[in-house]
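Peer 1: Let me give you the structure first, and then I'll get to my questions.
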2 protein chains.
Amino acid sequence: MPRQMLLNAFSMNCIAHQSMGLWRHPRDRSRDYTSAKHWQDLARTLERGLFDGIFLADVSGVYDVYRGSPDAALRAATQIPANDPFSIIPSMSAVTEHLGFGVTGSIPYEPPYSFARRISTLDHLTDGRIAWNVVTGYLDSAARGVGEIAQTSHDTRYDIAAEYMEVVYKLWEGSWEDGAVLYDKEAGVFADPAMIHKITHEGEYFKLNAIHLCEPSPQRSPVIFQAGSSPKGQAFAATHAECMFIGATEHEPTAALVSSLREQAVGMGRRAEDLKIFAMMSVVVDETDTAALAKFEDFKSYGLLEGSLALASGWRGVDLSQFDLDEAPGNVRGNAIQGSGTSSRRPTVRQLGNALTVGGGANVIVGSPITVADELQAWMEATDIDGFNLAYTVLPECYEEFVDMVVPELQARGIYKTAYQAGTMRRKLFGEGDRLPSSHPADAFRPS
Amino acid sequence: MPRQMLLNAFSMNCIAHQSMGLWRHPRDRSRDYTSAKHWQDLARTLERGLFDGIFLADVSGVYDVYRGSPDAALRAATQIPANDPFSIIPSMSAVTEHLGFGVTGSIPYEPPYSFARRISTLDHLTDGRIAWNVVTGYLDSAARGVGEIAQTSHDTRYDIAAEYMEVVYKLWEGSWEDGAVLYDKEAGVFADPAMIHKITHEGEYFKLNAIHLCEPSPQRSPVIFQAGSSPKGQAFAATHAECMFIGATEHEPTAALVSSLREQAVGMGRRAEDLKIFAMMSVVVDETDTAALAKFEDFKSYGLLEGSLALASGWRGVDLSQFDLDEAPGNVRGNAIQGSGTSSRRPTVRQLGNALTVGGGANVIVGSPITVADELQAWMEATDIDGFNLAYTVLPECYEEFVDMVVPELQARGIYKTAYQAGTMRRKLFGEGDRLPSSHPADAFRPS
């Protein structure tokens with residue numbers, strides 16, 4: 001059987017996630033993000049299309065690098081408003097049975113003790129369908145929201161993150177042994193205290209002396225996602241991540257990156273296949289290539305360049321308003337949000353901005369179901385990725401069309417499942433157990 | 001029209017909330033607390049009975065004062081496991097239209113910036129049905145969970161809480177003006193930056209320099225609940241609370257407390273009726289008084305004294321294992337969780353424990369629907385309370401029986417609504433607007 005393509009919808013509890021201005025499109029419904037029904041309808045569509053998950057990005061700050069002000073972002077709704085991603089998961093899980101839920105949790109904004117509880121609770125409520133995208137924090141404006149002048153330096157952030165991971169693994173994997181819960185009504189014993197361990201941690205950044213507040217959830221540790229692009233970020237991902245997001249604009253550099261990431265995981269004592277790699281992609285599909293191209297042109301006409309430049313400036317930490325629109329700035333660096341950028345092009349400011357009006361600077365595949373399937377398949381074969389993180393254009397139409405038009409074509413080619421596997425998100429993704437494998441570093445924190 | 005009785009179900013995302021051991025009862029289903037369906041079924045029952053809200057208590061620690069160990073609590077499931085209360089609200093709101101959701105949020109465990117976002121998101125998702133029970137933290141074990149040796153001193157905690165309230169009011173009330181959101185597709189302007197204000201706060205405990213991440217939700221600030229019993233706690237409640245929980249074991253001291261609380265609110269420039277006061281109560285109802293008494297005896301036979309003493313020791317900060325079971329300890333102080341205790345009795349350790357096996361030490365009303373209605377009505381008339389916070393016994397049976405047997409009796413007497421009023425939780429409770437009234441201190445943080 002050929003490798004089966006994995007698919008996540010890439011979304012955010014906001015209006016304009018990766019396509020700046022498409023909320024203006026007459027058919028777009030992203031304005032309904034405050035409503036539970038909006039998310040439930042989307043979740044049902046994705047489950048109908050056998051998507052592996054919906055992946056919820058998050059920022060805890062506003063894009064205010066462009067012109068040194070949040071005004072452009074506010075006018076264009078560039079990832080602001082940005083509502084809490086955790087709260088919409090139980091709305092969606094209530095109406096689905098298999099869809100996984102990836103949630104971005106930024107390490108600086110919640111202590112590990114209560115964060116571990118929040119994740120365990122969601123893993124219980126969803127019957128083991130939770131993944132966590134580990135973000136180490138990146139917007140200065142978010143740091144100011146919690147009273148700091150600017151974010152912690154890049155390398156220190158990864159040190160803090162590594163210690164944070166240790167603490168949450170200890171809570172998830174090491175506090176309650178399997179079998180600790182007896183629920184013995186006769187004897188009046190709910191749990192055996194001898195099998196529940198206090199976690200003692202005295203580190204550089206975190207201190208803890210407590211048992212985990214939750215009994216073991218189906219997966220214990222959530223599926224771990226990461227999108228680090230720097231050397232430190234890649235090393236962190238190779239150590240911890242089960243799934244990784246990457247940017248991908250050309251085959252060759254993407255293939256090289258994927259190969260390097262898998263090698264790094266193997267270097268950590270893990271298996272190459274322990275890492276599922278998702279490339280960010282955007283799709284505009286219609287019955288024919290011509291119709292799809294017309295649709296793409298229509299979408300682009302709604303773009304908001306200023307909103308895109310606010311996003312691009314925030315991602316790069318560089319105020320792009322200082323350059324001429326047709327200038328190609330020299331210091332464009334990798335994109336922390338979207339994973340490891342792999343482009344060898346050097347775009348102008350206008351190109352940078354325009355790319356973010358449809359698909360967030362991801363590769364945009366435009367065409368008929370056959371064209372789209374051809375391109376997705378070519379990406380898989382040329383780069384050894386496992387699947388895609390599909391950024392939306394016009395919402396929810398783009399996912400409905402993908403499900404109705406592209407999914408059947410992928411299934412006909414035998415490269416996409418025709419039914420969900422039973423069980424937790426981890427079991428569905430890896431075909432093995434519900435828990436982290438023994439090759440994962442969290443194994444060190446399990447009771448011996 | 002006589003005063004209409006307000007009703008909350010008092011619950012917690014755990015197994016044993018206020019009745020230690022009743023999870024052993026053959027008909028009890030509290031073990032299903034990890035399942036979304038359990039909460040949805042409960043929410044549907046409460047909405048069928050026109051309950052104003054379900055109130056979710058929370059502790060972020062384990063009861064380990066008794067014998068200096070969490071063992072007794074773990075054996076009896078005494079408020080442990082204790083899952084996150086926020087996560088079950090969207091599950092319940094998805095299947096209800098009117099029921100309010102009170103959630104306990106402990107100030108030490110999340111920065112105001114992200115907490116304000118979480119609440120605003122829930123207020124959006126529920127169409128304005130969110131209340132927040134402000135807790136200043138109280139278990140030492142919870143403090144150790146976030147790396148502190150013990151909780152901050154009582155008075156300092158209220159100072160921190162007062163500053164925290166200022167910050168979240170600024171975010172909820174002062175950041176986005178009404179009308180800031182234009183959603184002008186034609187002009188490509190989602191929001192008017194001139195109407196969105198950066199919140200600058202430089203206090204003793206919190207610093208902030210950020211706009212609120214959410215556009216205004218239906219209520220902006222959630223309905224504020226509080227249960228402070230100390231002089232500082234009462235002053236805090238008189239200043240901030242719209243609803244208050246109190247303990248209530250006898251009419252006279254309860255009436256005196258209610259009168260004092262209303263006077264304090266008036267002293268703060270608010271109206272006496274701006275404060276809705278809920279007395280904690282537990283009800284065991286059956287067709288006849290005799291049958292109800294038999295049911296009560298049956299319930300008591302499942303109690304777990306050790307689990308109750310773990311709870312009582314934690315509440316009081318005193319290890320009750322040091323006393324003989326039939327001794328009456330001299331230093332029994334008010335109960336921080338249940339609001340202002342009003343009992344003049346001095347119970348033995350055994351009595352303290354037994355009281356927590358059914359109804360959490362609240363007054364337990366046992367009888368036919370007529371007897372129960374008589375007693376509830378008498379409480380309202382004698383004490384000037386507004387309603388009750390009903391602690392559960394056998395779950396969900398006790399709420400189903402209350403809805404089926406007691407609610408019709410209350411309605412027949414004209415003291416309980418026969419339909420929900422439309423609108424937000426605040427509008428339902430106070431019959432006025434969706435937002436905090438201008439007499440509330442949050443008004444100071446609105447744009448002038």
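All residue names refer to the structure tokens as shown: chains lettered A, B, ... in order, residues numbered from 1 in each chain, ligands numbered from 1 in order.
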In stretch 235-421 of chain A, what's alpha helix (DSSP H) per DSSP? Answer as number ranges by chain?
Peer 2: A: 235-240, 251-267, 289-300, 305-316, 349-355, 369-383, 397-401, 407-412
Peer 1: Identify every residue of chain B that has at least one atom within 6 Å of any atom of chain A, counting only C-alpha atoms, and report the result as a VMD selection string.
Peer 2: chain B and resid 24 34 to 36 71 74 to 77 81 to 84 90 to 91 113 118 121 124 to 125 144 to 145 147 185 189 to 191 193 207 to 210 213 to 214
Peer 1: For those residues, write N, CA and C atoms to a file as an mmCIF file, in the first residue's frame.
Peer 2:
```
data_model
loop_
_atom_site.group_PDB
_atom_site.id
_atom_site.type_symbol
_atom_site.label_atom_id
_atom_site.label_comp_id
_atom_site.auth_asym_id
_atom_site.auth_seq_id
_atom_site.Cartn_x
_atom_site.Cartn_y
_atom_site.Cartn_z
ATOM 1 N N ARG B 24 -20.025 5.865 45.725
ATOM 2 C CA ARG B 24 -20.187 4.421 45.960
ATOM 3 C C ARG B 24 -21.634 3.979 45.769
ATOM 4 N N THR B 34 -15.316 12.429 33.330
ATOM 5 C CA THR B 34 -14.377 12.678 32.226
ATOM 6 C C THR B 34 -15.069 12.733 30.866
ATOM 7 N N SER B 35 -16.345 12.403 30.845
ATOM 8 C CA SER B 35 -17.041 12.315 29.557
ATOM 9 C C SER B 35 -17.862 13.567 29.266
ATOM 10 N N ALA B 36 -17.799 14.033 28.042
ATOM 11 C CA ALA B 36 -18.567 15.220 27.658
ATOM 12 C C ALA B 36 -20.060 14.950 27.784
ATOM 13 N N ASP B 71 -3.168 10.918 51.021
ATOM 14 C CA ASP B 71 -3.645 9.535 50.884
ATOM 15 C C ASP B 71 -5.146 9.381 51.130
ATOM 16 N N LEU B 74 -7.081 10.786 48.217
ATOM 17 C CA LEU B 74 -6.975 9.939 47.021
ATOM 18 C C LEU B 74 -7.839 8.693 47.161
ATOM 19 N N ARG B 75 -7.846 8.112 48.348
ATOM 20 C CA ARG B 75 -8.666 6.906 48.541
ATOM 21 C C ARG B 75 -10.150 7.227 48.370
ATOM 22 N N ALA B 76 -10.566 8.374 48.897
ATOM 23 C CA ALA B 76 -11.996 8.704 48.868
ATOM 24 C C ALA B 76 -12.395 9.533 47.642
ATOM 25 N N ALA B 77 -11.413 9.882 46.793
ATOM 26 C CA ALA B 77 -11.665 10.769 45.647
ATOM 27 C C ALA B 77 -12.175 12.134 46.103
ATOM 28 N N PRO B 81 -9.428 13.069 41.532
ATOM 29 C CA PRO B 81 -8.991 13.988 40.497
ATOM 30 C C PRO B 81 -9.851 15.255 40.437
ATOM 31 N N ALA B 82 -9.205 16.330 39.992
ATOM 32 C CA ALA B 82 -9.890 17.613 39.843
ATOM 33 C C ALA B 82 -9.530 18.163 38.476
ATOM 34 N N ASN B 83 -10.390 17.918 37.523
ATOM 35 C CA ASN B 83 -10.103 18.364 36.159
ATOM 36 C C ASN B 83 -10.459 19.838 35.967
ATOM 37 N N ASP B 84 -9.907 20.390 34.906
ATOM 38 C CA ASP B 84 -10.115 21.805 34.564
ATOM 39 C C ASP B 84 -11.600 22.116 34.372
ATOM 40 N N PRO B 90 -17.872 24.604 27.177
ATOM 41 C CA PRO B 90 -18.335 24.566 25.769
ATOM 42 C C PRO B 90 -19.056 23.262 25.425
ATOM 43 N N SER B 91 -18.741 22.180 26.122
ATOM 44 C CA SER B 91 -19.500 20.947 25.901
ATOM 45 C C SER B 91 -20.958 21.181 26.291
ATOM 46 N N TYR B 113 -3.882 38.848 31.515
ATOM 47 C CA TYR B 113 -3.987 39.043 30.057
ATOM 48 C C TYR B 113 -4.581 37.817 29.373
ATOM 49 N N ARG B 118 -9.474 34.188 27.835
ATOM 50 C CA ARG B 118 -10.203 32.922 27.971
ATOM 51 C C ARG B 118 -11.670 33.184 28.315
ATOM 52 N N THR B 121 -13.570 34.735 25.341
ATOM 53 C CA THR B 121 -13.851 33.703 24.340
ATOM 54 C C THR B 121 -15.070 32.880 24.747
ATOM 55 N N HIS B 124 -18.242 34.835 24.357
ATOM 56 C CA HIS B 124 -18.670 34.804 22.950
ATOM 57 C C HIS B 124 -19.339 33.470 22.612
ATOM 58 N N LEU B 125 -18.654 32.378 22.927
ATOM 59 C CA LEU B 125 -19.138 31.048 22.506
ATOM 60 C C LEU B 125 -20.485 30.696 23.122
ATOM 61 N N ARG B 144 2.205 24.920 46.012
ATOM 62 C CA ARG B 144 3.376 24.094 45.698
ATOM 63 C C ARG B 144 3.343 23.606 44.255
ATOM 64 N N GLY B 145 2.157 23.510 43.689
ATOM 65 C CA GLY B 145 2.041 23.125 42.286
ATOM 66 C C GLY B 145 2.638 24.158 41.350
ATOM 67 N N GLY B 147 5.174 26.062 42.394
ATOM 68 C CA GLY B 147 6.550 26.290 42.808
ATOM 69 C C GLY B 147 6.728 27.169 44.026
ATOM 70 N N LYS B 185 -16.652 45.373 4.583
ATOM 71 C CA LYS B 185 -16.031 44.564 3.536
ATOM 72 C C LYS B 185 -15.596 45.435 2.360
ATOM 73 N N VAL B 189 -12.037 47.421 6.022
ATOM 74 C CA VAL B 189 -11.699 47.808 7.397
ATOM 75 C C VAL B 189 -12.508 46.954 8.366
ATOM 76 N N PHE B 190 -11.834 46.105 9.102
ATOM 77 C CA PHE B 190 -12.537 45.306 10.098
ATOM 78 C C PHE B 190 -12.814 46.132 11.345
ATOM 79 N N ALA B 191 -11.813 46.810 11.854
ATOM 80 C CA ALA B 191 -12.003 47.589 13.084
ATOM 81 C C ALA B 191 -11.306 48.935 12.970
ATOM 82 N N PRO B 193 -8.969 51.448 14.467
ATOM 83 C CA PRO B 193 -7.920 51.485 15.507
ATOM 84 C C PRO B 193 -8.093 52.640 16.488
ATOM 85 N N LYS B 207 1.961 44.133 35.501
ATOM 86 C CA LYS B 207 2.308 45.133 34.488
ATOM 87 C C LYS B 207 1.668 44.703 33.183
ATOM 88 N N LEU B 208 1.204 45.693 32.441
ATOM 89 C CA LEU B 208 0.558 45.345 31.188
ATOM 90 C C LEU B 208 0.646 46.536 30.251
ATOM 91 N N ASN B 209 0.852 46.241 28.995
ATOM 92 C CA ASN B 209 0.894 47.297 27.987
ATOM 93 C C ASN B 209 0.429 46.650 26.694
ATOM 94 N N ALA B 210 -0.880 46.501 26.556
ATOM 95 C CA ALA B 210 -1.408 45.690 25.455
ATOM 96 C C ALA B 210 -2.874 46.011 25.233
ATOM 97 N N LEU B 213 -7.149 41.096 23.453
ATOM 98 C CA LEU B 213 -7.078 40.307 22.218
ATOM 99 C C LEU B 213 -8.449 40.008 21.624
ATOM 100 N N CYS B 214 -9.505 40.298 22.376
ATOM 101 C CA CYS B 214 -10.853 39.926 21.913
ATOM 102 C C CYS B 214 -11.713 41.163 21.694
#
```
Peer 1: Give me, as a ChimeraX atom specification, the residues of stretch 1-56 of chain A that a backbone DSSP run labels strand (DSSP E).
Peer 2: /A:6-12,53-56
Peer 1: Print the selection's residues with N, CA and C atoms to a file, as a short mmCIF file (atom, residue, chain, number, x, y, z; two decimals), in the first residue's frame.
Peer 2:
```
data_model
loop_
_atom_site.label_atom_id
_atom_site.label_comp_id
_atom_site.auth_asym_id
_atom_site.auth_seq_id
_atom_site.Cartn_x
_atom_site.Cartn_y
_atom_site.Cartn_z
N LEU A 6 -1.51 12.28 5.16
CA LEU A 6 -2.15 12.83 6.37
C LEU A 6 -2.59 14.26 6.08
N LEU A 7 -3.71 14.64 6.65
CA LEU A 7 -4.24 15.98 6.39
C LEU A 7 -4.73 16.66 7.66
N ASN A 8 -4.23 17.86 7.88
CA ASN A 8 -4.78 18.74 8.91
C ASN A 8 -5.36 19.98 8.26
N ALA A 9 -6.45 20.46 8.81
CA ALA A 9 -6.88 21.82 8.48
C ALA A 9 -6.11 22.75 9.40
N PHE A 10 -5.59 23.82 8.84
CA PHE A 10 -4.78 24.77 9.61
C PHE A 10 -5.66 25.99 9.87
N SER A 11 -5.99 26.21 11.13
CA SER A 11 -6.92 27.28 11.43
C SER A 11 -6.50 28.03 12.69
N MET A 12 -7.33 28.95 13.08
CA MET A 12 -7.03 29.77 14.25
C MET A 12 -8.34 30.39 14.69
N GLY A 53 -6.87 15.92 11.49
CA GLY A 53 -7.04 16.88 12.57
C GLY A 53 -7.35 18.28 12.08
N ILE A 54 -7.77 19.10 13.03
CA ILE A 54 -7.80 20.54 12.79
C ILE A 54 -6.73 21.11 13.71
N PHE A 55 -5.89 21.90 13.11
CA PHE A 55 -4.78 22.42 13.86
C PHE A 55 -4.98 23.90 14.14
N LEU A 56 -5.02 24.26 15.41
CA LEU A 56 -5.33 25.63 15.82
C LEU A 56 -4.06 26.39 16.19
#
```
Peer 1: List the neighbours of A:Glu47 out to 10 Å using only C-alpha atoms; skip same-chain residues closer than 6 positions along the sequence, and give me the result as a PyMOL selection string.
Peer 2: chain A and resi 41+53-54+95-100+403+420
Peer 1: Give me, as a ChimeraX atom specification, all polymer residues having an atom no more than 10 Å from A:Phe245, counting only C-alpha atoms and skipping those fewer than 4 positions away in the same chain.
Peer 2: /A:133,225-229,237,241,276-280,337-340,385,387-389
Peer 1: Do a neighbour search on B:Phe323 at 12 Å with only C-alpha atoms, toss out local chain neighbours closer than 2 positions, and write the hits as a list of chain:residue names.
Peer 2: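 Listed by chain and then number, they are B:Tyr66, B:Arg67, B:Leu309, B:Ser313, B:Val318, B:Asp319, B:Leu320, B:Ser321, B:Leu325, B:Asp326, B:Glu327, B:Ala328, B:Pro329, B:Gly330, B:Asn331, B:Thr348, B:Val349, B:Arg350, B:Leu352.
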Peer 1: Can you tell me which residues surround B:Pro222 at a distance of at most 6 Å, considering only C-alpha atoms, apart from same-chain residues fewer than 2 positions away, and format the answer as a short mmCIF file (atom, residue, chain, number, x, y, z; two decimals) with all heavy atoms, in the first residue's frame?
Peer 2:
```
data_model
loop_
_atom_site.label_atom_id
_atom_site.label_comp_id
_atom_site.auth_asym_id
_atom_site.auth_seq_id
_atom_site.Cartn_x
_atom_site.Cartn_y
_atom_site.Cartn_z
N ILE B 130 -21.58 33.57 30.78
CA ILE B 130 -20.45 33.24 31.64
C ILE B 130 -20.42 34.09 32.91
O ILE B 130 -20.60 35.31 32.87
CB ILE B 130 -19.12 33.41 30.87
CG1 ILE B 130 -19.04 32.38 29.75
CG2 ILE B 130 -17.91 33.28 31.79
CD1 ILE B 130 -18.98 30.94 30.21
N ALA B 131 -20.18 33.40 34.01
CA ALA B 131 -19.91 34.07 35.29
C ALA B 131 -18.56 33.57 35.81
O ALA B 131 -18.17 32.44 35.53
CB ALA B 131 -21.01 33.77 36.30
N GLN B 219 -21.40 40.16 27.27
CA GLN B 219 -21.44 40.78 28.60
C GLN B 219 -20.22 41.65 28.89
O GLN B 219 -20.14 42.26 29.93
CB GLN B 219 -21.53 39.69 29.68
CG GLN B 219 -22.77 38.81 29.58
CD GLN B 219 -22.89 37.85 30.76
OE1 GLN B 219 -23.84 37.89 31.51
NE2 GLN B 219 -21.90 36.97 30.95
N ILE B 224 -19.85 38.55 37.98
CA ILE B 224 -18.82 38.31 39.01
C ILE B 224 -19.45 37.66 40.24
O ILE B 224 -20.37 38.20 40.86
CB ILE B 224 -18.14 39.63 39.43
CG1 ILE B 224 -17.61 40.40 38.21
CG2 ILE B 224 -17.04 39.36 40.45
CD1 ILE B 224 -16.40 39.82 37.56
#
```
Peer 1: For atom CA of B:Leu257 and atom CA of B:Pro437, determine how far apart the two atoms are, in Å to one decimal place.
Peer 2: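 Straight-line distance from atom CA of B:Leu257 to atom CA of B:Pro437 works out to 24.0 Å.
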Peer 1: Might you pull out every residue within 6 Å of A:Ser308, with only C-alpha atoms counted and same-chain residues fewer than 2 positions away left off, and present them as a PyMOL selection string?
Peer 2: chain A and resi 20+305-306+310-311+353+356
Peer 1: In Å, how far is it from atom CA of A:Asp404 to atom CA of A:Ser282?
Peer 2: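 Atom CA of A:Ser282 lies at a distance of 16.0 Å from atom CA of A:Asp404.
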Peer 1: To one decimal place, how far is atom CA of B:Gln4 from atom CA of B:Gly414 in Å?
Peer 2: 7.7 Å
